[in-house]
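Text of run-v7.txt, listed as compact mmCIF, C-alpha atoms:
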```txt
# COMPACT_ATOMS: atom_id res chain seq x y z
CA MET U 278 0.00 0.00 0.00
CA PRO U 279 1.34 3.46 -0.88
CA ASP U 280 2.07 5.67 2.10
CA PRO U 281 -0.29 8.62 2.61
CA VAL U 282 1.66 11.79 3.35
CA ASP U 283 0.72 15.23 4.57
CA ARG U 284 1.88 18.62 3.35
CA ASP U 285 4.92 18.87 5.62
CA HIS U 286 6.07 15.41 4.65
CA VAL U 287 5.67 16.31 0.97
CA ARG U 288 7.91 19.34 1.40
CA LEU U 289 10.51 17.25 3.17
CA LEU U 290 10.43 14.48 0.57
CA VAL U 291 10.75 16.99 -2.27
CA LYS U 292 13.78 18.53 -0.58
CA GLN U 293 15.24 15.05 -0.45
CA GLY U 294 14.70 14.56 -4.17
CA ALA U 295 11.20 13.11 -4.51
CA GLN U 296 9.35 13.54 -7.80
CA LEU U 297 5.90 15.15 -7.76
CA VAL U 298 3.27 13.86 -10.15
CA GLU U 299 -0.12 15.52 -10.64
CA VAL U 300 -2.57 12.94 -12.00
CA LEU U 301 -5.36 15.36 -12.94
CA PRO U 302 -6.17 16.14 -16.60
CA GLU U 303 -3.74 18.42 -18.43
CA ALA U 304 -6.02 21.49 -18.39
CA GLU U 305 -6.20 21.43 -14.60
CA TYR U 306 -2.45 20.94 -14.34
CA GLU U 307 -1.81 23.87 -16.69
CA GLU U 308 -3.97 26.11 -14.57
CA GLU U 309 -2.03 25.43 -11.38
CA HIS U 310 0.18 22.75 -9.93
CA LEU U 311 2.68 22.24 -7.16
CA PRO U 312 6.12 23.69 -7.93
CA GLY U 313 8.19 21.28 -9.99
CA ALA U 314 5.37 18.77 -10.50
CA ILE U 315 5.00 16.95 -13.79
CA ASN U 316 1.66 15.88 -15.23
CA ILE U 317 0.70 12.30 -15.93
CA PRO U 318 -3.12 12.14 -16.04
CA LEU U 319 -4.47 9.01 -14.36
CA GLN U 320 -6.02 7.83 -17.63
CA THR U 321 -2.60 7.83 -19.31
CA LEU U 322 -0.59 6.46 -16.41
CA ASP U 323 1.15 3.36 -17.76
CA ALA U 324 4.61 1.94 -18.41
CA ALA U 325 5.21 4.30 -21.34
CA SER U 326 4.13 7.56 -19.66
CA THR U 327 6.06 6.78 -16.49
CA ARG U 328 9.36 6.48 -18.34
CA ARG U 329 9.80 10.16 -17.51
CA LEU U 330 10.14 9.19 -13.85
CA GLU U 331 13.38 8.07 -12.26
CA ARG U 332 12.86 4.74 -10.56
CA GLY U 333 15.57 5.39 -7.98
CA ARG U 334 13.77 8.41 -6.53
CA PRO U 335 10.56 8.50 -4.47
CA VAL U 336 7.37 9.49 -6.29
CA ILE U 337 4.56 11.54 -4.74
CA VAL U 338 1.22 11.55 -6.51
CA TYR U 339 -1.58 13.99 -5.86
CA CYS U 340 -4.81 15.31 -7.36
CA HIS U 341 -7.10 18.13 -6.24
CA ASP U 342 -8.21 16.79 -2.87
CA TYR U 343 -9.79 13.69 -1.34
CA GLN U 344 -11.47 12.51 -4.55
CA MET Q 1381 -8.00 9.59 -7.82
CA SER Q 1382 -4.49 9.77 -6.35
CA PRO Q 1383 -4.84 6.47 -4.41
CA ARG Q 1384 -5.55 4.70 -7.73
CA ALA Q 1385 -2.56 6.42 -9.32
CA ALA Q 1386 -0.32 5.43 -6.42
CA ALA Q 1387 -1.49 1.82 -6.60
CA ARG Q 1388 -0.91 1.75 -10.35
CA LEU Q 1389 2.64 3.09 -9.92
CA GLU Q 1390 3.37 0.38 -7.41
CA GLY Q 1391 1.99 -2.12 -9.86
CA LEU Q 1392 4.43 -0.78 -12.44
CA GLY Q 1393 7.27 -1.55 -10.06
CA PHE Q 1394 7.96 1.81 -8.43
CA GLY Q 1395 9.27 1.11 -4.98
CA ARG Q 1396 8.78 4.30 -2.99
CA VAL Q 1397 5.37 5.76 -3.80
CA TYR Q 1398 3.62 8.31 -1.62
CA ASP Q 1399 0.08 9.61 -1.86
CA TYR Q 1400 -0.55 13.26 -0.97
CA VAL Q 1401 -4.25 12.63 -0.52
CA ALA Q 1402 -5.18 16.18 0.53
CA GLY Q 1403 -3.76 17.39 -2.81
CA LYS Q 1404 -3.30 20.84 -4.21
CA ALA Q 1405 -6.41 22.21 -2.54
CA ASP Q 1406 -4.69 21.60 0.79
CA TRP Q 1407 -1.40 23.01 -0.50
CA GLY Q 1408 -3.03 26.19 -1.73
CA SER Q 1409 -5.10 26.59 1.42
CA PHE Q 1410 -1.91 26.95 3.42
CA GLY Q 1411 -0.78 29.76 1.14
CA LEU Q 1412 2.00 27.66 -0.36
CA PRO Q 1413 3.04 28.63 -3.88
CA LEU Q 1414 1.53 27.05 -6.96
CA GLU Q 1415 2.77 27.32 -10.52
CA GLY Q 1416 0.71 27.60 -13.66
CA ALA Q 1417 -1.35 29.89 -15.85
CA SER Q 1418 -3.60 31.15 -13.10
CA PRO Q 1419 -1.68 33.94 -11.34
CA SER Q 1420 -1.64 33.73 -7.54
CA GLY Q 1421 -2.26 37.50 -7.42
CA ALA Q 1422 -5.80 36.83 -8.66
CA ARG Q 1423 -6.56 34.67 -5.65
CA VAL Q 1424 -8.02 35.50 -2.29
CA GLY Q 1425 -4.87 34.67 -0.34
CA ALA Q 1426 -2.90 37.48 -1.95
CA HIS Q 1427 -5.42 40.09 -0.76
CA ALA Q 1428 -6.55 38.78 2.61
CA ARG Q 1429 -6.07 41.19 5.50
CA THR Q 1430 -4.38 39.37 8.34
CA ASP Q 1431 -4.64 42.16 10.92
CA VAL Q 1432 -8.27 41.46 11.77
CA PRO Q 1433 -8.74 41.21 15.57
CA ARG Q 1434 -9.33 37.85 17.23
CA CYS Q 1435 -10.50 36.83 20.65
CA ARG Q 1436 -11.23 33.65 22.58
CA PRO Q 1437 -14.73 32.37 23.42
CA ALA Q 1438 -14.41 33.26 27.11
CA ASP Q 1439 -13.22 36.84 26.56
CA ARG Q 1440 -15.62 39.47 27.86
CA MET Q 1441 -16.96 42.26 25.68
CA ARG Q 1442 -15.12 44.97 27.57
CA THR Q 1443 -11.79 43.35 26.62
CA VAL Q 1444 -12.86 42.49 23.08
CA ARG Q 1445 -14.23 45.97 22.39
CA ALA Q 1446 -10.99 47.61 23.50
CA ARG Q 1447 -9.02 45.32 21.20
CA VAL Q 1448 -11.30 45.94 18.26
CA ARG Q 1449 -11.27 49.71 18.79
CA ALA Q 1450 -7.47 49.75 18.89
CA SER Q 1451 -7.30 47.74 15.67
CA GLY Q 1452 -9.49 50.06 13.63
CA TRP Q 1453 -11.79 47.19 12.59
CA ASP Q 1454 -15.47 46.81 13.43
CA ILE Q 1455 -15.52 43.02 13.59
CA CYS Q 1456 -13.71 40.37 15.58
CA PHE Q 1457 -13.24 36.65 15.02
CA VAL Q 1458 -13.62 34.20 17.84
CA THR Q 1459 -11.07 31.40 17.59
CA ASP Q 1460 -10.24 28.38 19.69
CA GLU Q 1461 -6.82 27.53 21.13
CA ARG Q 1462 -5.64 26.24 17.73
CA GLY Q 1463 -6.73 29.36 15.89
CA VAL Q 1464 -9.77 27.66 14.34
CA VAL Q 1465 -12.67 30.03 13.69
CA VAL Q 1466 -15.65 29.28 15.91
CA GLY Q 1467 -17.60 32.52 15.46
CA ARG Q 1468 -17.74 36.13 14.40
CA LEU Q 1469 -18.62 39.27 16.32
CA GLY Q 1470 -20.19 42.00 14.22
CA ARG Q 1471 -21.16 45.52 15.26
CA ALA Q 1472 -24.34 44.52 17.07
CA ALA Q 1473 -22.57 41.78 19.01
CA LEU Q 1474 -19.74 44.11 19.93
CA ALA Q 1475 -22.25 46.58 21.33
CA ARG Q 1476 -23.58 44.11 23.90
CA ASN Q 1477 -23.12 44.39 27.64
CA GLU Q 1478 -19.48 44.46 28.68
CA ASP Q 1479 -19.82 41.37 30.88
CA VAL Q 1480 -21.15 39.17 28.07
CA VAL Q 1481 -18.58 36.67 26.86
CA ALA Q 1482 -17.73 36.35 23.18
CA GLU Q 1483 -19.18 32.86 22.96
CA GLU Q 1484 -22.63 34.16 23.95
CA ALA Q 1485 -22.57 37.10 21.57
CA MET Q 1486 -20.95 35.58 18.48
CA ALA Q 1487 -22.63 34.37 15.32
CA THR Q 1488 -21.53 30.81 14.71
CA GLY Q 1489 -20.55 29.35 11.36
CA PRO Q 1490 -19.34 32.46 9.53
CA SER Q 1491 -18.84 32.13 5.78
CA THR Q 1492 -15.30 31.06 5.03
CA VAL Q 1493 -13.27 30.67 1.87
CA ARG Q 1494 -9.85 29.24 1.07
CA PRO Q 1495 -6.93 31.46 0.02
CA SER Q 1496 -6.74 29.54 -3.25
CA LEU Q 1497 -10.22 30.74 -4.30
CA GLU Q 1498 -10.17 33.07 -7.30
CA LEU Q 1499 -11.05 36.68 -6.49
CA ASP Q 1500 -13.93 36.92 -8.95
CA GLU Q 1501 -15.57 33.89 -7.37
CA ALA Q 1502 -15.17 35.44 -3.91
CA VAL Q 1503 -16.79 38.68 -5.08
CA GLU Q 1504 -19.68 36.79 -6.66
CA ARG Q 1505 -20.22 34.92 -3.42
CA MET Q 1506 -20.21 38.11 -1.36
CA LYS Q 1507 -22.69 39.74 -3.74
CA ARG Q 1508 -24.94 36.70 -3.65
CA GLN Q 1509 -24.89 36.54 0.13
CA HIS Q 1510 -24.96 40.32 0.62
CA LEU Q 1511 -21.68 40.29 2.52
CA THR Q 1512 -18.95 42.91 2.69
CA SER Q 1513 -16.25 40.44 3.70
CA LEU Q 1514 -15.45 36.75 4.03
CA SER Q 1515 -13.15 35.05 6.46
CA VAL Q 1516 -10.24 33.20 4.89
CA THR Q 1517 -9.26 29.94 6.50
CA ARG Q 1518 -6.89 27.09 5.83
CA SER Q 1519 -8.29 23.64 5.14
CA ASP Q 1520 -7.95 22.83 8.85
CA GLY Q 1521 -10.16 25.79 9.77
CA VAL Q 1522 -7.39 28.03 11.11
CA LEU Q 1523 -8.08 31.70 10.42
CA ILE Q 1524 -5.71 33.40 7.98
CA GLY Q 1525 -7.55 36.70 7.70
CA VAL Q 1526 -10.37 38.46 5.92
CA ILE Q 1527 -11.01 39.32 2.30
CA ARG Q 1528 -13.00 42.52 2.02
CA ARG Q 1529 -15.26 43.00 -0.96
CA GLU Q 1530 -13.88 46.47 -1.67
CA ASP Q 1531 -10.30 45.13 -1.70
CA ALA Q 1532 -11.24 42.24 -3.98
CA GLU Q 1533 -13.17 44.48 -6.39
CA ARG Q 1534 -10.31 46.98 -6.52
CA ALA Q 1535 -7.81 44.20 -7.30
CA LEU Q 1536 -10.05 42.79 -10.04
CA ASP Q 1537 -10.36 46.25 -11.51
CA VAL Q 1538 -6.57 46.51 -11.71
CA PHE Q 1539 -6.33 43.07 -13.34
CA SER Q 1540 -8.92 43.97 -15.97
CA ARG Q 1541 -7.05 47.09 -17.15
```

Can you turn what I pasted into structure tokens?
Amino acid sequence: MPDPVDRDHVRLLVKQGAQLVEVLPEAEYEEEHLPGAINIPLQTLDAASTRRLERGRPVIVYCHDYQ
Amino acid sequence: MSPRAAARLEGLGFGRVYDYVAGKADWGSFGLPLEGASPSGARVGAHARTDVPRCRPADRMRTVRARVRASGWDICFVTDERGVVVGRLGRAALARNEDVVAEEAMATGPSTVRPSLELDEAVERMKRQHLTSLSVTRSDGVLIGVIRREDAERALDVFSR
């Protein structure tokens, strides 16, 4: 099971090199996203789209809120 | 949505996957920076006044009134020990007997918005509800400040030029 993290933990993980991934559709990502986040919409999240991610670094996923 | 994404990443073999379940709504509500096409200057958080007076539920009107008078405001927010908004004292409440405690005089459940709300939406809401201001809180209910309709309208006017 993936670990749920809160805001402070996110900031700490990012400082330590974690990758942020917003899984909302592109239009919502373009409007606003966390600093440094990349966009991989949930519908497109597969082996090909995740090649952009480095496997040796932690990955944090997020969307808008508890949805 | 993010729990499904996190599970899928694990399924794809990623070893250290974390799920920020509260998401960017939570991030923005704490006034943390966001990037993108929507400028943060057009959001409530950039224009919220943080100098609005606050008091505790057990504070008596004589104390509250003195604080409010010194601040130059005509309202006061009642917050608990964590800073969470529990009520609002308007002019009529502030005019009550000096021995009345804030908890007795306050209106509970004041309208609140998040700092990430766009200014035009905040103005629409104030117009709809016939309000001159809205309290701005984080997602955990802690008071950040107040967005006044006149400030929001002035800022929107500047943006539209």

Given the point (0.1, 17.8, -11.1) in the file's coordinates, find the residues that have an atom at most 7 Å from it, counting all atoms listed in the file, and give them as a list of chain:residue names.
U:Val298, U:Glu299, U:Val300, U:Leu301, U:Tyr306, U:His310, U:Leu311, U:Ala314, U:Ile315, U:Asn316, U:Tyr339, U:Cys340

Against chain U, which residues of chain Q fall within 10 Å? For each one I want the closest pair of atoms and the distance in Å (one decimal), counting only C-alpha atoms, rows by chain and increasing residue number, as a Markdown table.
```
| residue | atom | partner | partner_atom | distance |
| --- | --- | --- | --- | --- |
| Q:Met1381 | CA | U:Gln344 | CA | 5.6 |
| Q:Ser1382 | CA | U:Tyr339 | CA | 5.1 |
| Q:Pro1383 | CA | U:Pro279 | CA | 7.7 |
| Q:Arg1384 | CA | U:Leu319 | CA | 8.0 |
| Q:Ala1385 | CA | U:Leu319 | CA | 6.0 |
| Q:Ala1386 | CA | U:Pro279 | CA | 6.1 |
| Q:Ala1387 | CA | U:Pro279 | CA | 6.6 |
| Q:Arg1388 | CA | U:Leu322 | CA | 7.7 |
| Q:Leu1389 | CA | U:Asp323 | CA | 8.0 |
| Q:Glu1390 | CA | U:Pro279 | CA | 7.5 |
| Q:Gly1391 | CA | U:Asp323 | CA | 9.7 |
| Q:Leu1392 | CA | U:Ala324 | CA | 6.6 |
| Q:Gly1393 | CA | U:Arg332 | CA | 8.4 |
| Q:Phe1394 | CA | U:Arg332 | CA | 6.1 |
| Q:Gly1395 | CA | U:Pro335 | CA | 7.5 |
| Q:Arg1396 | CA | U:Pro335 | CA | 4.8 |
| Q:Val1397 | CA | U:Val336 | CA | 4.9 |
| Q:Tyr1398 | CA | U:Ile337 | CA | 4.6 |
| Q:Asp1399 | CA | U:Pro281 | CA | 4.6 |
| Q:Tyr1400 | CA | U:Tyr339 | CA | 5.1 |
| Q:Val1401 | CA | U:Tyr343 | CA | 5.7 |
| Q:Ala1402 | CA | U:Asp342 | CA | 4.6 |
| Q:Gly1403 | CA | U:Asp342 | CA | 4.5 |
| Q:Lys1404 | CA | U:His341 | CA | 5.1 |
| Q:Ala1405 | CA | U:His341 | CA | 5.6 |
| Q:Asp1406 | CA | U:Asp342 | CA | 7.0 |
| Q:Trp1407 | CA | U:Arg284 | CA | 6.7 |
| Q:Gly1408 | CA | U:Leu311 | CA | 8.8 |
| Q:Phe1410 | CA | U:Arg284 | CA | 9.2 |
| Q:Leu1412 | CA | U:Leu311 | CA | 8.7 |
| Q:Pro1413 | CA | U:Pro312 | CA | 7.1 |
| Q:Leu1414 | CA | U:Leu311 | CA | 4.9 |
| Q:Glu1415 | CA | U:Glu309 | CA | 5.2 |
| Q:Gly1416 | CA | U:Glu309 | CA | 4.2 |
| Q:Ala1417 | CA | U:Glu308 | CA | 4.8 |
| Q:Ser1418 | CA | U:Glu308 | CA | 5.3 |
| Q:Pro1419 | CA | U:Glu309 | CA | 8.5 |
| Q:Ser1420 | CA | U:Glu309 | CA | 9.2 |
```

The distance between atom CA of Q:Ser1515 and atom CA of Q:Glu1478 is 24.9 Å

So for stretch 315-331 of chain U, what box centre and size do we get, axis-aligned, 3 Å extra on each of the six sides, every listed atom, Å to one decimal, as JSON?
```
{"center_x": 3.7, "center_y": 9.4, "center_z": -16.8, "size_x": 25.4, "size_y": 21.0, "size_z": 15.1}
```

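Pairwise distance (atom CA of U:Gln293, atom CA of Q:Gly1425) equals 28.1 Å.
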
>> Env of stretch 1480-1487 of chain Q: 12 Å cut, atoms = all atoms listed in the file, seq-sep filter 6 positions within chain, self excluded. Answer as an NGL selection string.
In response: :Q and (1434-1445 or 1455-1460 or 1465-1474)

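Minimum distance to Q:His1427 across Q:Ala1475, Q:Leu1511, Q:Val1522, Q:Leu1497 (counting only C-alpha atoms) occurs at Q:Leu1497.
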
In terms of only C-alpha atoms, the residue from Q:Pro1495, Q:Ala1426, Q:Ser1513, Q:Val1432 at minimal distance from Q:Val1448 is Q:Val1432

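Between atom CA of Q:Leu1499 and atom CA of Q:Arg1518 the separation is 16.2 Å.
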
Working from the structure I just supplied, which lacks atoms in stretch 1400-1427 of chain Q, can you model N, CA and C atoms there and output them as a compact mmCIF listing (two decimals), in the frame of the given file?
```txt
# COMPACT_ATOMS: atom_id res chain seq x y z
N TYR Q 1400 -0.17 12.02 -1.66
CA TYR Q 1400 -0.55 13.26 -0.97
C TYR Q 1400 -2.05 13.43 -1.17
N VAL Q 1401 -2.80 12.75 -0.31
CA VAL Q 1401 -4.25 12.63 -0.52
C VAL Q 1401 -4.99 13.98 -0.42
N ALA Q 1402 -4.48 14.89 0.38
CA ALA Q 1402 -5.18 16.18 0.53
C ALA Q 1402 -4.98 17.06 -0.70
N GLY Q 1403 -3.94 16.78 -1.49
CA GLY Q 1403 -3.76 17.39 -2.81
C GLY Q 1403 -3.53 18.88 -2.84
N LYS Q 1404 -3.67 19.43 -4.05
CA LYS Q 1404 -3.30 20.84 -4.21
C LYS Q 1404 -4.28 21.80 -3.57
N ALA Q 1405 -5.49 21.34 -3.27
CA ALA Q 1405 -6.41 22.21 -2.54
C ALA Q 1405 -5.85 22.49 -1.14
N ASP Q 1406 -5.30 21.45 -0.53
CA ASP Q 1406 -4.69 21.60 0.79
C ASP Q 1406 -3.45 22.48 0.70
N TRP Q 1407 -2.63 22.24 -0.30
CA TRP Q 1407 -1.40 23.01 -0.50
C TRP Q 1407 -1.72 24.50 -0.63
N GLY Q 1408 -2.67 24.79 -1.50
CA GLY Q 1408 -3.03 26.19 -1.73
C GLY Q 1408 -3.67 26.82 -0.51
N SER Q 1409 -4.40 26.03 0.26
CA SER Q 1409 -5.10 26.59 1.42
C SER Q 1409 -4.14 27.01 2.51
N PHE Q 1410 -2.91 26.53 2.45
CA PHE Q 1410 -1.91 26.95 3.42
C PHE Q 1410 -1.04 28.08 2.86
N GLY Q 1411 -1.49 28.63 1.73
CA GLY Q 1411 -0.78 29.76 1.14
C GLY Q 1411 0.54 29.38 0.51
N LEU Q 1412 0.75 28.08 0.27
CA LEU Q 1412 2.00 27.66 -0.36
C LEU Q 1412 1.93 27.93 -1.86
N PRO Q 1413 3.07 28.21 -2.48
CA PRO Q 1413 3.04 28.63 -3.88
C PRO Q 1413 2.60 27.53 -4.84
N LEU Q 1414 1.92 27.95 -5.88
CA LEU Q 1414 1.53 27.05 -6.96
C LEU Q 1414 2.05 27.67 -8.26
N GLU Q 1415 2.34 26.83 -9.22
CA GLU Q 1415 2.77 27.32 -10.52
C GLU Q 1415 1.65 27.09 -11.52
N GLY Q 1416 1.70 27.84 -12.62
CA GLY Q 1416 0.71 27.60 -13.66
C GLY Q 1416 0.18 28.89 -14.25
N ALA Q 1417 -0.84 28.75 -15.09
CA ALA Q 1417 -1.35 29.89 -15.85
C ALA Q 1417 -2.18 30.84 -15.00
N SER Q 1418 -2.74 30.32 -13.93
CA SER Q 1418 -3.60 31.15 -13.10
C SER Q 1418 -2.73 31.89 -12.09
N PRO Q 1419 -2.59 33.21 -12.22
CA PRO Q 1419 -1.68 33.94 -11.34
C PRO Q 1419 -2.15 33.97 -9.89
N SER Q 1420 -1.24 33.76 -8.94
CA SER Q 1420 -1.64 33.73 -7.54
C SER Q 1420 -2.17 35.09 -7.08
N GLY Q 1421 -1.78 36.17 -7.79
CA GLY Q 1421 -2.26 37.50 -7.42
C GLY Q 1421 -3.75 37.66 -7.63
N ALA Q 1422 -4.36 36.76 -8.41
CA ALA Q 1422 -5.80 36.83 -8.66
C ALA Q 1422 -6.57 35.95 -7.69
N ARG Q 1423 -5.91 35.54 -6.63
CA ARG Q 1423 -6.56 34.67 -5.65
C ARG Q 1423 -6.73 35.40 -4.32
N VAL Q 1424 -7.65 34.87 -3.56
CA VAL Q 1424 -8.02 35.50 -2.29
C VAL Q 1424 -6.82 35.66 -1.35
N GLY Q 1425 -5.98 34.65 -1.30
CA GLY Q 1425 -4.87 34.67 -0.34
C GLY Q 1425 -3.95 35.86 -0.48
N ALA Q 1426 -3.81 36.36 -1.71
CA ALA Q 1426 -2.90 37.48 -1.95
C ALA Q 1426 -3.47 38.79 -1.44
N HIS Q 1427 -4.78 38.83 -1.15
CA HIS Q 1427 -5.42 40.09 -0.76
C HIS Q 1427 -6.10 40.03 0.60
```
